[in-house]
file entry13.pdb (PDB, C-alpha atoms and all ligand atoms)
ATOM      1  CA  MET M 131     129.276  98.123 125.074
ATOM      2  CA  LYS M 132     128.675  99.389 121.538
ATOM      3  CA  LYS M 133     128.502 103.160 121.128
ATOM      4  CA  ILE M 134     125.550 104.307 119.029
ATOM      5  CA  ILE M 135     124.633 107.847 117.910
ATOM      6  CA  LEU M 136     120.960 108.681 117.295
ATOM      7  CA  THR M 137     119.251 111.830 116.023
ATOM      8  CA  GLY M 138     115.647 112.500 117.065
ATOM      9  CA  GLY M 139     115.356 110.157 120.054
ATOM     10  CA  ALA M 140     112.825 111.984 122.238
ATOM     11  CA  ASN M 141     109.641 111.003 120.384
ATOM     12  CA  GLY M 142     108.252 108.515 117.865
ATOM     13  CA  ILE M 143     110.437 105.872 116.259
ATOM     14  CA  GLY M 144     113.553 107.394 117.838
ATOM     15  CA  ARG M 145     112.057 107.057 121.311
ATOM     16  CA  ALA M 146     111.191 103.413 120.553
ATOM     17  CA  LEU M 147     114.841 102.891 119.549
ATOM     18  CA  VAL M 148     116.028 104.451 122.819
ATOM     19  CA  GLU M 149     113.641 102.335 124.901
ATOM     20  CA  SER M 150     114.712  99.168 123.106
ATOM     21  CA  PHE M 151     118.487  99.763 123.107
ATOM     22  CA  VAL M 152     118.915 101.415 126.500
ATOM     23  CA  ASP M 153     121.423  99.557 128.708
ATOM     24  CA  LYS M 154     122.312  97.214 125.802
ATOM     25  CA  VAL M 155     124.432  99.914 124.132
ATOM     26  CA  GLU M 156     125.867 103.300 125.081
ATOM     27  CA  LEU M 157     123.522 105.811 123.415
ATOM     28  CA  TYR M 158     124.301 109.407 122.416
ATOM     29  CA  VAL M 159     121.092 111.135 121.372
ATOM     30  CA  ILE M 160     120.318 114.588 120.023
ATOM     31  CA  ASP M 161     116.830 116.122 120.000
ATOM     32  CA  ARG M 162     115.404 119.638 120.128
ATOM     33  CA  ASP M 163     112.444 118.579 122.291
ATOM     34  CA  GLN M 164     114.045 118.989 125.703
ATOM     35  CA  GLU M 165     110.838 118.442 127.658
ATOM     36  CA  ALA M 166     110.138 115.057 126.042
ATOM     37  CA  GLY M 167     113.813 114.062 126.195
ATOM     38  CA  GLU M 168     114.141 114.876 129.878
ATOM     39  CA  ALA M 169     110.951 112.971 130.689
ATOM     40  CA  LEU M 170     112.413 109.931 128.898
ATOM     41  CA  GLU M 171     115.797 110.313 130.631
ATOM     42  CA  LYS M 172     114.048 110.500 133.997
ATOM     43  CA  ARG M 173     111.898 107.450 133.326
ATOM     44  CA  LEU M 174     114.732 105.253 131.983
ATOM     45  CA  SER M 175     117.323 106.590 134.429
ATOM     46  CA  SER M 176     120.267 104.887 132.714
ATOM     47  CA  PRO M 177     123.963 105.788 133.034
ATOM     48  CA  HIS M 178     124.297 104.605 129.408
ATOM     49  CA  LEU M 179     121.879 107.157 127.950
ATOM     50  CA  HIS M 180     123.364 110.558 127.039
ATOM     51  CA  PHE M 181     120.988 113.228 125.717
ATOM     52  CA  PHE M 182     122.092 116.461 124.044
ATOM     53  CA  TYR M 183     119.533 119.171 123.284
ATOM     54  CA  GLY M 184     119.599 121.379 120.205
ATOM     55  CA  ASN M 185     118.374 122.027 116.689
ATOM     56  CA  LEU M 186     119.984 119.989 113.891
ATOM     57  CA  ALA M 187     119.373 122.897 111.504
ATOM     58  CA  ASP M 188     122.164 124.763 113.286
ATOM     59  CA  LYS M 189     125.727 123.876 112.221
ATOM     60  CA  ALA M 190     127.218 125.053 115.538
ATOM     61  CA  THR M 191     124.818 122.730 117.381
ATOM     62  CA  LEU M 192     125.953 119.787 115.243
ATOM     63  CA  GLU M 193     129.569 120.623 116.088
ATOM     64  CA  ALA M 194     128.742 120.940 119.793
ATOM     65  CA  PHE M 195     127.034 117.532 119.635
ATOM     66  CA  VAL M 196     130.139 116.028 118.001
ATOM     67  CA  ASN M 197     132.283 117.497 120.819
ATOM     68  CA  PHE M 198     129.853 116.130 123.399
ATOM     69  CA  ILE M 199     130.185 112.640 121.874
ATOM     70  CA  THR M 200     133.953 112.662 121.475
ATOM     71  CA  GLU M 201     134.453 113.892 125.040
ATOM     72  CA  HIS M 202     132.769 110.656 126.147
ATOM     73  CA  THR M 203     134.123 108.127 123.635
ATOM     74  CA  SER M 204     136.770 107.585 120.963
ATOM     75  CA  GLN M 205     134.863 104.762 119.291
ATOM     76  CA  ILE M 206     131.564 104.854 117.392
ATOM     77  CA  ASP M 207     129.868 101.653 116.248
ATOM     78  CA  GLY M 208     126.635 102.998 114.813
ATOM     79  CA  LEU M 209     125.109 106.249 113.558
ATOM     80  CA  ILE M 210     121.341 106.426 113.053
ATOM     81  CA  HIS M 211     120.009 109.589 111.432
ATOM     82  CA  ASN M 212     116.343 109.379 112.294
ATOM     83  CA  ALA M 213     115.176 112.969 112.912
ATOM     84  CA  ALA M 214     113.256 114.707 110.143
ATOM     85  CA  ILE M 215     111.066 117.729 109.501
ATOM     86  CA  ASN M 216     108.504 118.524 106.793
ATOM     87  CA  HIS M 217     107.599 122.036 105.635
ATOM     88  CA  GLY M 218     105.254 121.011 102.800
ATOM     89  CA  GLY M 219     105.723 122.515  99.347
ATOM     90  CA  LEU M 220     103.970 124.189  96.453
ATOM     91  CA  VAL M 221     100.382 123.990  97.729
ATOM     92  CA  SER M 222     101.080 125.527 101.131
ATOM     93  CA  LYS M 223     103.603 127.900  99.517
ATOM     94  CA  ALA M 224     106.623 126.787 101.522
ATOM     95  CA  THR M 225     109.308 129.449 101.219
ATOM     96  CA  TYR M 226     112.735 128.844  99.745
ATOM     97  CA  GLU M 227     114.175 129.073 103.272
ATOM     98  CA  GLU M 228     111.714 126.492 104.581
ATOM     99  CA  PHE M 229     112.493 124.148 101.679
ATOM    100  CA  MET M 230     116.232 124.467 102.344
ATOM    101  CA  GLU M 231     115.802 123.899 106.085
ATOM    102  CA  VAL M 232     114.193 120.526 105.354
ATOM    103  CA  LEU M 233     117.137 119.539 103.160
ATOM    104  CA  GLN M 234     119.529 120.752 105.838
ATOM    105  CA  VAL M 235     117.960 118.805 108.718
ATOM    106  CA  ASN M 236     116.932 115.667 106.828
ATOM    107  CA  VAL M 237     119.960 115.281 104.529
ATOM    108  CA  GLY M 238     122.732 117.727 105.497
ATOM    109  CA  THR M 239     122.839 116.396 109.063
ATOM    110  CA  ALA M 240     123.540 112.861 107.802
ATOM    111  CA  TYR M 241     126.439 114.082 105.683
ATOM    112  CA  TYR M 242     127.972 116.434 108.255
ATOM    113  CA  LEU M 243     127.733 114.083 111.248
ATOM    114  CA  THR M 244     129.268 111.287 109.156
ATOM    115  CA  GLN M 245     132.106 113.550 108.043
ATOM    116  CA  GLN M 246     132.816 114.827 111.570
ATOM    117  CA  LEU M 247     132.571 111.428 113.259
ATOM    118  CA  GLU M 248     134.390 109.313 110.647
ATOM    119  CA  PRO M 249     137.742 109.400 112.530
ATOM    120  CA  TYR M 250     135.994 107.662 115.438
ATOM    121  CA  PHE M 251     134.259 104.900 113.469
ATOM    122  CA  SER M 252     134.907 101.360 114.692
ATOM    123  CA  ASP M 253     135.944  98.793 112.162
ATOM    124  CA  PRO M 254     133.390  98.796 110.605
ATOM    125  CA  CYS M 255     130.677 101.186 111.727
ATOM    126  CA  SER M 256     127.031 100.837 110.666
ATOM    127  CA  ILE M 257     125.287 103.980 109.386
ATOM    128  CA  ILE M 258     121.505 103.910 109.028
ATOM    129  CA  LEU M 259     119.577 106.738 107.367
ATOM    130  CA  MET M 260     115.816 106.948 107.899
ATOM    131  CA  SER M 261     114.116 107.726 104.610
ATOM    132  CA  SER M 262     110.430 107.118 103.780
ATOM    133  CA  THR M 263     108.340 105.438 101.116
ATOM    134  CA  ARG M 264     107.629 109.049 100.118
ATOM    135  CA  ASN M 265     111.036 108.959  98.453
ATOM    136  CA  ARG M 266     109.147 107.263  95.571
ATOM    137  CA  GLN M 267     105.462 108.105  96.138
ATOM    138  CA  SER M 268     103.945 111.481  96.879
ATOM    139  CA  MET M 269     100.869 113.241  98.090
ATOM    140  CA  GLU M 270     100.329 116.863  97.078
ATOM    141  CA  ASP M 271     102.329 119.482  98.976
ATOM    142  CA  ASN M 272     105.154 117.036  99.652
ATOM    143  CA  GLU M 273     108.051 118.669  97.768
ATOM    144  CA  SER M 274     110.351 119.489 100.682
ATOM    145  CA  TYR M 275     109.948 116.169 102.493
ATOM    146  CA  SER M 276     109.881 113.851  99.444
ATOM    147  CA  SER M 277     112.932 115.404  97.842
ATOM    148  CA  SER M 278     114.890 115.176 101.093
ATOM    149  CA  LYS M 279     113.953 111.519 101.529
ATOM    150  CA  GLY M 280     114.933 110.776  97.921
ATOM    151  CA  ALA M 281     118.280 112.484  98.498
ATOM    152  CA  LEU M 282     118.945 110.156 101.436
ATOM    153  CA  LEU M 283     118.803 107.186  99.057
ATOM    154  CA  SER M 284     121.552 108.637  96.853
ATOM    155  CA  LEU M 285     123.554 109.716  99.883
ATOM    156  CA  THR M 286     123.384 106.113 101.087
ATOM    157  CA  HIS M 287     125.026 104.562  98.042
ATOM    158  CA  ALA M 288     127.449 107.478  97.650
ATOM    159  CA  MET M 289     128.703 107.194 101.239
ATOM    160  CA  ALA M 290     128.801 103.386 101.012
ATOM    161  CA  ASN M 291     131.294 103.806  98.152
ATOM    162  CA  SER M 292     133.373 106.506  99.847
ATOM    163  CA  LEU M 293     133.559 104.768 103.226
ATOM    164  CA  ARG M 294     133.927 101.191 101.851
ATOM    165  CA  THR M 295     135.380  99.034 104.676
ATOM    166  CA  LYS M 296     135.085 101.835 107.272
ATOM    167  CA  ALA M 297     131.291 101.818 107.431
ATOM    168  CA  ARG M 298     128.329 100.017 105.951
ATOM    169  CA  VAL M 299     125.663 102.563 104.970
ATOM    170  CA  ASN M 300     122.008 101.572 104.531
ATOM    171  CA  THR M 301     118.581 103.223 104.368
ATOM    172  CA  ILE M 302     115.336 102.180 105.999
ATOM    173  CA  SER M 303     112.197 103.500 104.308
ATOM    174  CA  PRO M 304     109.216 103.181 106.637
ATOM    175  CA  GLY M 305     105.628 103.304 105.451
ATOM    176  CA  TRP M 306     102.873 104.269 107.894
ATOM    177  CA  ILE M 307     104.186 103.728 111.412
ATOM    178  CA  GLU M 308     101.727 104.630 114.180
ATOM    179  CA  THR M 309     103.802 106.408 116.833
ATOM    180  CA  SER M 310     101.145 107.926 119.112
ATOM    181  CA  ASP M 311     102.157 105.738 122.087
ATOM    182  CA  PHE M 312     105.704 107.064 121.721
ATOM    183  CA  GLN M 313     104.898 110.781 121.738
ATOM    184  CA  THR M 314     105.269 113.051 124.783
ATOM    185  CA  PRO M 315     102.581 114.056 125.536
ATOM    186  CA  ARG M 316     100.854 110.916 124.258
ATOM    187  CA  GLN M 317      98.656 111.562 121.219
ATOM    188  CA  ALA M 318      95.153 110.139 120.932
ATOM    189  CA  VAL M 319      94.842 108.503 117.508
ATOM    190  CA  GLU M 320      91.936 106.266 116.505
ATOM    191  CA  LEU M 321      92.750 103.927 113.623
ATOM    192  CA  SER M 322      89.926 102.528 111.493
ATOM    193  CA  GLY M 323      89.615  98.953 110.234
ATOM    194  CA  SER M 324      90.408 100.175 106.728
ATOM    195  CA  ASP M 325      93.562 101.908 107.939
ATOM    196  CA  HIS M 326      94.828  98.463 108.832
ATOM    197  CA  SER M 327      93.305  96.278 106.117
ATOM    198  CA  GLN M 328      94.527  98.437 103.211
ATOM    199  CA  HIS M 329      98.020  97.126 103.990
ATOM    200  CA  LEU M 330      98.957  93.755 102.450
ATOM    201  CA  VAL M 331      99.900  92.472 105.918
ATOM    202  CA  GLY M 332      96.555  93.686 107.369
ATOM    203  CA  ARG M 333      97.879  96.234 109.825
ATOM    204  CA  VAL M 334      99.472  99.649 110.206
ATOM    205  CA  GLY M 335     103.139  99.573 111.239
ATOM    206  CA  HIS M 336     104.415  99.831 114.813
ATOM    207  CA  PRO M 337     107.717 101.461 115.860
ATOM    208  CA  THR M 338     109.037  98.011 116.839
ATOM    209  CA  ASP M 339     108.878  97.048 113.123
ATOM    210  CA  ILE M 340     111.565  99.686 112.539
ATOM    211  CA  VAL M 341     113.480  98.858 115.729
ATOM    212  CA  GLU M 342     113.925  95.240 114.503
ATOM    213  CA  MET M 343     115.265  96.431 111.137
ATOM    214  CA  VAL M 344     117.684  98.824 112.838
ATOM    215  CA  ALA M 345     118.902  96.050 115.172
ATOM    216  CA  PHE M 346     119.549  93.812 112.145
ATOM    217  CA  LEU M 347     121.519  96.501 110.303
ATOM    218  CA  LEU M 348     123.594  97.364 113.383
ATOM    219  CA  ASP M 349     124.567  93.706 113.839
ATOM    220  CA  GLU M 350     127.747  93.012 111.871
ATOM    221  CA  LYS M 351     127.245  89.227 112.154
ATOM    222  CA  LYS M 352     123.780  89.407 110.578
ATOM    223  CA  SER M 353     124.168  92.181 108.016
ATOM    224  CA  GLY M 354     127.930  92.425 107.476
ATOM    225  CA  PHE M 355     127.601  91.750 103.722
ATOM    226  CA  ILE M 356     124.984  94.448 103.189
ATOM    227  CA  THR M 357     125.823  98.043 102.286
ATOM    228  CA  GLY M 358     124.436 100.807 100.068
ATOM    229  CA  GLN M 359     120.951  99.290 100.241
ATOM    230  CA  GLU M 360     117.403 100.405 100.971
ATOM    231  CA  PHE M 361     114.948  98.391 103.103
ATOM    232  CA  LEU M 362     111.242  99.174 102.752
ATOM    233  CA  VAL M 363     109.267  98.451 105.908
ATOM    234  CA  ASP M 364     105.749  99.376 104.802
ATOM    235  CA  GLY M 365     103.458  96.352 105.135
ATOM    236  CA  GLY M 366     103.427  96.034 101.345
ATOM    237  CA  MET M 367     101.708  99.392 100.797
ATOM    238  CA  SER M 368     104.069 100.392  97.972
ATOM    239  CA  LYS M 369     103.605  97.096  96.109
ATOM    240  CA  GLN M 370      99.906  97.429  95.322
ATOM    241  CA  MET M 371      98.379  98.399  92.010
ATOM    242  CA  ILE M 372      95.580 100.828  92.877
ATOM    243  CA  TYR M 373      92.686 101.367  90.427
ATOM    244  CA  HIS M 374      89.240 102.831  91.089
ATOM    245  CA  GLU M 375      86.709 100.124  92.065
ATOM    246  CA  GLU M 376      89.232  97.325  92.141
ATOM    247  CA  HIS M 377      90.066  95.435  95.333
ATOM    248  CA  GLY M 378      87.788  97.764  97.339
ATOM    249  CA  TRP M 379      89.665 100.938  96.346
ATOM    250  CA  ASN M 380      87.436 103.876  95.540
ATOM    251  CA  TYR M 381      88.527 107.214  94.179
ATOM    252  CA  SER M 382      86.515 110.254  95.153
ATOM    253  CA  LYS M 383      87.686 113.707  94.206
TER     254      LYS M 383
HETATM  255  N1  LIG S   1     106.046 107.625 111.472
HETATM  256  C1  LIG S   1     105.904 107.339 110.189
HETATM  257  O1  LIG S   1     104.829 106.910 109.724
HETATM  258  C2  LIG S   1     107.070 107.503 109.242
HETATM  259  C3  LIG S   1     106.890 107.125 107.911
HETATM  260  C4  LIG S   1     107.950 107.261 107.019
HETATM  261  C5  LIG S   1     109.174 107.755 107.465
HETATM  262  N2  LIG S   1     109.326 108.118 108.764
HETATM  263  C6  LIG S   1     110.631 108.654 109.157
HETATM  264  O2  LIG S   1     111.054 108.077 110.368
HETATM  265  C7  LIG S   1     111.755 109.046 111.159
HETATM  266  C8  LIG S   1     111.096 109.199 112.519
HETATM  267  O3  LIG S   1     109.738 109.559 112.304
HETATM  268  P1  LIG S   1     108.728 109.776 113.525
HETATM  269  O4  LIG S   1     107.371 109.627 112.961
HETATM  270  O5  LIG S   1     109.145 108.965 114.688
HETATM  271  O6  LIG S   1     108.978 111.339 113.820
HETATM  272  P2  LIG S   1     108.597 112.208 115.107
HETATM  273  O7  LIG S   1     108.285 113.560 114.579
HETATM  274  O8  LIG S   1     107.603 111.506 115.931
HETATM  275  O9  LIG S   1     109.966 112.274 115.930
HETATM  276  C9  LIG S   1     111.074 112.947 115.397
HETATM  277  C10 LIG S   1     111.980 113.380 116.538
HETATM  278  O10 LIG S   1     113.045 114.128 115.923
HETATM  279  C11 LIG S   1     113.186 115.370 116.600
HETATM  280  N3  LIG S   1     113.605 116.402 115.652
HETATM  281  C12 LIG S   1     112.975 116.790 114.506
HETATM  282  N4  LIG S   1     113.627 117.793 113.931
HETATM  283  C13 LIG S   1     114.682 118.066 114.717
HETATM  284  C14 LIG S   1     115.712 119.033 114.646
HETATM  285  N5  LIG S   1     115.758 119.953 113.673
HETATM  286  N6  LIG S   1     116.662 119.045 115.612
HETATM  287  C15 LIG S   1     116.617 118.140 116.626
HETATM  288  N7  LIG S   1     115.647 117.215 116.753
HETATM  289  C16 LIG S   1     114.693 117.177 115.808
HETATM  290  C17 LIG S   1     111.787 115.685 117.154
HETATM  291  O11 LIG S   1     111.848 116.590 118.244
HETATM  292  C18 LIG S   1     111.284 114.311 117.532
HETATM  293  O12 LIG S   1     111.629 113.962 118.857
HETATM  294  C19 LIG S   1     111.758 110.329 110.318
HETATM  295  O13 LIG S   1     112.927 110.392 109.551
HETATM  296  C20 LIG S   1     110.567 110.150 109.412
HETATM  297  O14 LIG S   1     110.687 110.898 108.209
HETATM  298  C21 LIG S   1     108.306 108.009 109.670
END
call {"tool": "encode", "arguments": {"input": "entry13.pdb", "output": "structure tokens"}}
result
Amino acid sequence: MKKIILTGGANGIGRALVESFVDKVELYVIDRDQEAGEALEKRLSSPHLHFFYGNLADKATLEAFVNFITEHTSQIDGLIHNAAINHGGLVSKATYEEFMEVLQVNVGTAYYLTQQLEPYFSDPCSIILMSSTRNRQSMEDNESYSSSKGALLSLTHAMANSLRTKARVNTISPGWIETSDFQTPRQAVELSGSDHSQHLVGRVGHPTDIVEMVAFLLDEKKSGFITGQEFLVDGGMSKQMIYHEEHGWNYSK
């Protein structure tokens, strides 16, 4: 069985990854939401699912997670850094400390886990970093999150060069992925017709759209010639020219 490491597996896209990969691979997952993680562990009840609870912002926790992994296995085939936080920015007056925490969790974790786990990488390992289309497009008050997601793009090609044959490193940049069915407790979200139809493909994204991309990038036979790249999974949202009163778009202040 392949050994895969995942950050942020208790809710959202990470939970969809756990539910899809459980029993197909050996999964080592870190999340700070112990209640949601334990509910998932109980429901899936798999000997191949190993949860560790802690905050990625804490260096000692990252090191404890690395020890937890390496006590179980000496081989790692995939590392998916999926967890992320967002503390806003200039409009909500995010503090310097809050800004830095976002960089630490969203970017620093990817670097430090890669560095600590590199001796255990299989030949080759697949590293997947979860960015966002907000690495290139912003809303107001998005400084901490957008800058961290942009940094993941550069980290991707930098690590692809440093690791070369040891690991392929790629980024997935999701657009709007509706995760309410994968939250514990479940969230009630009502999507409108326009929420869907504004996308070129006519619908909002589902966590399985990301799961399929991850599965492709983990599979050496399918994606073995791909490294240092970014894959946008956004239903075409970032490829539209948007002007007031064209194609049904209307700007109101
Ligand atoms: N859902 C979307 O529309 C969307 C869009 C673009 C990008 N993304 C990216 O996809 C990834 C997953 O997004 P999601 O919507 O599923 O998120 P989510 O918030 O639903 O789930 C994130 C999980 O990570 C865990 N986590 C967060 N910070 C942590 C920390 N410091 N320590 C330990 N665990 C932590 C949370 O507890 C949670 O279980 C993120 O990187 C996000 O930026 C999501």
call {"tool": "residues_near_ligand", "arguments": {"input": "entry13.pdb", "ligand": "ligand LIG 1 (chain S)", "cutoff": "9 Å", "atoms": "all atoms listed in the file", "output": "tab-separated table (two decimals) with C-alpha atoms, keeping the file's coordinate frame"}}
result
chain	number	residue	atom	x	y	z
M	137	THR	CA	119.25	111.83	116.02
M	138	GLY	CA	115.65	112.50	117.06
M	139	GLY	CA	115.36	110.16	120.05
M	140	ALA	CA	112.82	111.98	122.24
M	141	ASN	CA	109.64	111.00	120.38
M	142	GLY	CA	108.25	108.52	117.86
M	143	ILE	CA	110.44	105.87	116.26
M	144	GLY	CA	113.55	107.39	117.84
M	145	ARG	CA	112.06	107.06	121.31
M	146	ALA	CA	111.19	103.41	120.55
M	160	ILE	CA	120.32	114.59	120.02
M	161	ASP	CA	116.83	116.12	120.00
M	162	ARG	CA	115.40	119.64	120.13
M	163	ASP	CA	112.44	118.58	122.29
M	164	GLN	CA	114.04	118.99	125.70
M	166	ALA	CA	110.14	115.06	126.04
M	167	GLY	CA	113.81	114.06	126.20
M	183	TYR	CA	119.53	119.17	123.28
M	184	GLY	CA	119.60	121.38	120.20
M	185	ASN	CA	118.37	122.03	116.69
M	186	LEU	CA	119.98	119.99	113.89
M	187	ALA	CA	119.37	122.90	111.50
M	188	ASP	CA	122.16	124.76	113.29
M	211	HIS	CA	120.01	109.59	111.43
M	212	ASN	CA	116.34	109.38	112.29
M	213	ALA	CA	115.18	112.97	112.91
M	214	ALA	CA	113.26	114.71	110.14
M	215	ILE	CA	111.07	117.73	109.50
M	216	ASN	CA	108.50	118.52	106.79
M	231	GLU	CA	115.80	123.90	106.08
M	232	VAL	CA	114.19	120.53	105.35
M	234	GLN	CA	119.53	120.75	105.84
M	235	VAL	CA	117.96	118.80	108.72
M	236	ASN	CA	116.93	115.67	106.83
M	259	LEU	CA	119.58	106.74	107.37
M	260	MET	CA	115.82	106.95	107.90
M	261	SER	CA	114.12	107.73	104.61
M	262	SER	CA	110.43	107.12	103.78
M	263	THR	CA	108.34	105.44	101.12
M	264	ARG	CA	107.63	109.05	100.12
M	275	TYR	CA	109.95	116.17	102.49
M	279	LYS	CA	113.95	111.52	101.53
M	302	ILE	CA	115.34	102.18	106.00
M	303	SER	CA	112.20	103.50	104.31
M	304	PRO	CA	109.22	103.18	106.64
M	305	GLY	CA	105.63	103.30	105.45
M	306	TRP	CA	102.87	104.27	107.89
M	307	ILE	CA	104.19	103.73	111.41
M	308	GLU	CA	101.73	104.63	114.18
M	309	THR	CA	103.80	106.41	116.83
M	310	SER	CA	101.14	107.93	119.11
M	312	PHE	CA	105.70	107.06	121.72
M	313	GLN	CA	104.90	110.78	121.74
M	314	THR	CA	105.27	113.05	124.78
M	335	GLY	CA	103.14	99.57	111.24
M	336	HIS	CA	104.42	99.83	114.81
M	337	PRO	CA	107.72	101.46	115.86
M	340	ILE	CA	111.56	99.69	112.54
M	363	VAL	CA	109.27	98.45	105.91
M	364	ASP	CA	105.75	99.38	104.80
call {"tool": "atom_distance", "arguments": {"input": "entry13.pdb", "atom1": "CA of Glu168 (chain M)", "atom2": "CA of Ile199 (chain M)"}}
result
18.1 Å
call {"tool": "atom_distance", "arguments": {"input": "entry13.pdb", "atom1": "CA of Thr357 (chain M)", "atom2": "CA of Gly280 (chain M)"}}
result
17.3 Å
call {"tool": "resolve_selection", "arguments": {"input": "entry13.pdb", "expression": "the PyMOL selection byres (((chain M and resi 220-225) around 12) and not hetatm)", "output": "PyMOL selection string"}}
result
chain M and resi 216-219+226-232+269-275
call {"tool": "write_last_selection", "arguments": {"input": "entry13.pdb", "atoms": "C-alpha atoms", "output": "PDB file, in the frame of the given file"}}
result
ATOM      1  CA  ASN M 216     108.504 118.524 106.793  1.00  0.00           C
ATOM      2  CA  HIS M 217     107.599 122.036 105.635  1.00  0.00           C
ATOM      3  CA  GLY M 218     105.254 121.011 102.800  1.00  0.00           C
ATOM      4  CA  GLY M 219     105.723 122.515  99.347  1.00  0.00           C
ATOM      5  CA  TYR M 226     112.735 128.844  99.745  1.00  0.00           C
ATOM      6  CA  GLU M 227     114.175 129.073 103.272  1.00  0.00           C
ATOM      7  CA  GLU M 228     111.714 126.492 104.581  1.00  0.00           C
ATOM      8  CA  PHE M 229     112.493 124.148 101.679  1.00  0.00           C
ATOM      9  CA  MET M 230     116.232 124.467 102.344  1.00  0.00           C
ATOM     10  CA  GLU M 231     115.802 123.899 106.085  1.00  0.00           C
ATOM     11  CA  VAL M 232     114.193 120.526 105.354  1.00  0.00           C
ATOM     12  CA  MET M 269     100.869 113.241  98.090  1.00  0.00           C
ATOM     13  CA  GLU M 270     100.329 116.863  97.078  1.00  0.00           C
ATOM     14  CA  ASP M 271     102.329 119.482  98.976  1.00  0.00           C
ATOM     15  CA  ASN M 272     105.154 117.036  99.652  1.00  0.00           C
ATOM     16  CA  GLU M 273     108.051 118.669  97.768  1.00  0.00           C
ATOM     17  CA  SER M 274     110.351 119.489 100.682  1.00  0.00           C
ATOM     18  CA  TYR M 275     109.948 116.169 102.493  1.00  0.00           C
TER      19      TYR M 275
END
call {"tool": "residues_around", "arguments": {"input": "entry13.pdb", "residues": "region 375-379 of chain M", "least_positions_apart": "2", "cutoff": "12 Å", "atoms": "only C-alpha atoms", "output": "PyMOL selection string"}}
result
chain M and resi 324+327-330+370-373+381-382
call {"tool": "atom_distance", "arguments": {"input": "entry13.pdb", "atom1": "CA of Val334 (chain M)", "atom2": "CA of Asn380 (chain M)"}}
result
19.4 Å
call {"tool": "closest_residue", "arguments": {"input": "entry13.pdb", "among": "M:Thr239, M:Ser252, M:Thr203, M:Thr301", "to": "Glu156 (chain M)", "atoms": "all atoms listed in the file"}}
result
M:Thr203
call {"tool": "closest_residue", "arguments": {"input": "entry13.pdb", "among": "M:Asp253, M:Glu320, M:Glu165, M:Asp153", "to": "Gly354 (chain M)", "atoms": "only C-alpha atoms"}}
result
M:Asp253
call {"tool": "residues_around", "arguments": {"input": "entry13.pdb", "residues": "Asp207 (chain M)", "least_positions_apart": "4", "cutoff": "12 Å", "atoms": "all atoms listed in the file", "output": "PDB file with C-alpha atoms, keeping the file's coordinate frame"}}
result
ATOM      1  CA  MET M 131     129.276  98.123 125.074  1.00  0.00           C
ATOM      2  CA  LYS M 132     128.675  99.389 121.538  1.00  0.00           C
ATOM      3  CA  LYS M 133     128.502 103.160 121.128  1.00  0.00           C
ATOM      4  CA  ILE M 134     125.550 104.307 119.029  1.00  0.00           C
ATOM      5  CA  ILE M 135     124.633 107.847 117.910  1.00  0.00           C
ATOM      6  CA  LEU M 136     120.960 108.681 117.295  1.00  0.00           C
ATOM      7  CA  VAL M 155     124.432  99.914 124.132  1.00  0.00           C
ATOM      8  CA  GLU M 156     125.867 103.300 125.081  1.00  0.00           C
ATOM      9  CA  LEU M 157     123.522 105.811 123.415  1.00  0.00           C
ATOM     10  CA  TYR M 158     124.301 109.407 122.416  1.00  0.00           C
ATOM     11  CA  THR M 203     134.123 108.127 123.635  1.00  0.00           C
ATOM     12  CA  THR M 244     129.268 111.287 109.156  1.00  0.00           C
ATOM     13  CA  LEU M 247     132.571 111.428 113.259  1.00  0.00           C
ATOM     14  CA  GLU M 248     134.390 109.313 110.647  1.00  0.00           C
ATOM     15  CA  PRO M 249     137.742 109.400 112.530  1.00  0.00           C
ATOM     16  CA  TYR M 250     135.994 107.662 115.438  1.00  0.00           C
ATOM     17  CA  PHE M 251     134.259 104.900 113.469  1.00  0.00           C
ATOM     18  CA  SER M 252     134.907 101.360 114.692  1.00  0.00           C
ATOM     19  CA  ASP M 253     135.944  98.793 112.162  1.00  0.00           C
ATOM     20  CA  PRO M 254     133.390  98.796 110.605  1.00  0.00           C
ATOM     21  CA  CYS M 255     130.677 101.186 111.727  1.00  0.00           C
ATOM     22  CA  SER M 256     127.031 100.837 110.666  1.00  0.00           C
ATOM     23  CA  ILE M 257     125.287 103.980 109.386  1.00  0.00           C
ATOM     24  CA  ILE M 258     121.505 103.910 109.028  1.00  0.00           C
ATOM     25  CA  LYS M 296     135.085 101.835 107.272  1.00  0.00           C
ATOM     26  CA  ALA M 297     131.291 101.818 107.431  1.00  0.00           C
ATOM     27  CA  ARG M 298     128.329 100.017 105.951  1.00  0.00           C
ATOM     28  CA  LEU M 347     121.519  96.501 110.303  1.00  0.00           C
ATOM     29  CA  LEU M 348     123.594  97.364 113.383  1.00  0.00           C
ATOM     30  CA  ASP M 349     124.567  93.706 113.839  1.00  0.00           C
ATOM     31  CA  GLU M 350     127.747  93.012 111.871  1.00  0.00           C
TER      32      GLU M 350
END
call {"tool": "build_atoms", "arguments": {"input": "entry13.pdb", "residues": "region 362-366 of chain M", "atoms": "N, CA and C atoms", "output": "mmCIF file, in the frame of the given file"}}
result
data_model
loop_
_atom_site.group_PDB
_atom_site.id
_atom_site.type_symbol
_atom_site.label_atom_id
_atom_site.label_comp_id
_atom_site.auth_asym_id
_atom_site.auth_seq_id
_atom_site.Cartn_x
_atom_site.Cartn_y
_atom_site.Cartn_z
ATOM 1 N N LEU M 362 112.592 98.635 102.581
ATOM 2 C CA LEU M 362 111.242 99.174 102.752
ATOM 3 C C LEU M 362 110.515 98.382 103.825
ATOM 4 N N VAL M 363 110.026 99.101 104.829
ATOM 5 C CA VAL M 363 109.267 98.451 105.908
ATOM 6 C C VAL M 363 107.901 99.129 105.905
ATOM 7 N N ASP M 364 106.993 98.633 105.042
ATOM 8 C CA ASP M 364 105.749 99.376 104.802
ATOM 9 C C ASP M 364 104.521 98.478 104.694
ATOM 10 N N GLY M 365 104.622 97.247 105.170
ATOM 11 C CA GLY M 365 103.458 96.352 105.135
ATOM 12 C C GLY M 365 102.957 96.081 103.731
ATOM 13 N N GLY M 366 103.793 96.326 102.736
ATOM 14 C CA GLY M 366 103.427 96.034 101.345
ATOM 15 C C GLY M 366 102.672 97.149 100.650
#
